[in-house]
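*Asks:* Once you've had a glance at the structure underneath, I'll fire off some questions.
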Amino acid sequence: MTDEQIKGPASYFPSIEKKYGRPIAEWKAEVRARYPAKHMELVTMLKDEPYMGHGHANAIVAHTLAEDGRK
């Protein structure tokens, strides 16, 4: 086990799970279900439907798109 600090979009994940009460995997599944939508369309979807803050929505979308090799 390492004590490396998590950086980038994933650093938001603990606070997202705490604030919105759902695991990150569920949010990522919602993003993937909306493919082939573009980055900002996906951010807007998370902001509009569950009323997520912009920074949290952007972190989930950016991490998911990077994980899937999308832009």
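Lettering and numbering for the structure tokens are positional, with chains as A, B, ... in the shown order, residues counted from 1 in each chain, and ligands counted from 1 in the shown order.
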Which residues are close to segment 11-13 of chain A, i.e. within 8 Å by only C-alpha atoms, leaving aside same-chain residues fewer than 6 positions away? Reply as a list in words.
*Replies:*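 That gives Ile24, His56, Ala59 and Ile60 of chain A.
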*Asks:* Would you output that residue set with C-alpha atoms, as a PDB file, in the first residue's frame?
*Replies:*
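Dumped everything to selection_33.pdb:
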```pdb
ATOM      1  CA  ILE A  24     -18.621   6.833  -8.477  1.00  0.00           C
ATOM      2  CA  HIS A  56     -17.910  17.533  -9.392  1.00  0.00           C
ATOM      3  CA  ALA A  59     -14.380  15.588 -12.582  1.00  0.00           C
ATOM      4  CA  ILE A  60     -16.604  12.563 -13.207  1.00  0.00           C
TER       5      ILE A  60
END
```
*Asks:* Write out as JSON lines the residues of segment 16-55 of chain A that have any atom within 8 Å of an atom of segment 63-67 of chain A, one row each with the nearest atom pair and its distance in Å to one decimal, counting only C-alpha atoms, sorted by chain and then rising number.
*Replies:*
```
{"residue": "A:Lys28", "atom": "CA", "partner": "A:Thr64", "partner_atom": "CA", "distance": 6.1}
{"residue": "A:Val31", "atom": "CA", "partner": "A:Thr64", "partner_atom": "CA", "distance": 7.5}
{"residue": "A:Arg32", "atom": "CA", "partner": "A:Thr64", "partner_atom": "CA", "distance": 7.8}
{"residue": "A:His39", "atom": "CA", "partner": "A:Leu65", "partner_atom": "CA", "distance": 7.9}
```
*Asks:* Pick out the closest residue to Lys71 of chain A from this set: A:Ala37, A:Arg22, A:Lys47, A:Ile6. Count only C-alpha atoms.
*Replies:*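 Of all the options, A:Ala37 lies closest to Lys71 of chain A.
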*Asks:* Choose the residue, out of A:Ala10, A:Ile16, A:Ala57, A:Ala29, that has the smallest atom-to-atom separation from Met45 of chain A; count only C-alpha atoms.
*Replies:*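 Of A:Ala10, A:Ile16, A:Ala57, A:Ala29, the one nearest Met45 of chain A, counting only C-alpha atoms, is A:Ala57.
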*Asks:* In chain A, what's alpha helix (DSSP H) per DSSP? Answer as a ChimeraX atom specification?
*Replies:* /A:13-20,24-33,39-48,54-67
*Asks:* Here is a test: counting only C-alpha atoms, which residue of A:Lys7, A:Met52, A:Val43, A:Tyr35 is nearest to Lys19 of chain A?
*Replies:*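 Looking only at the distances to Lys19 of chain A, the closest residue turns out to be A:Met52.
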*Asks:* If I take atom CA of Pro36 of chain A and atom CA of Arg70 of chain A, how far is one from the other in Å, to one decimal?
*Replies:*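 Here the two named atoms are 9.4 Å from each other.
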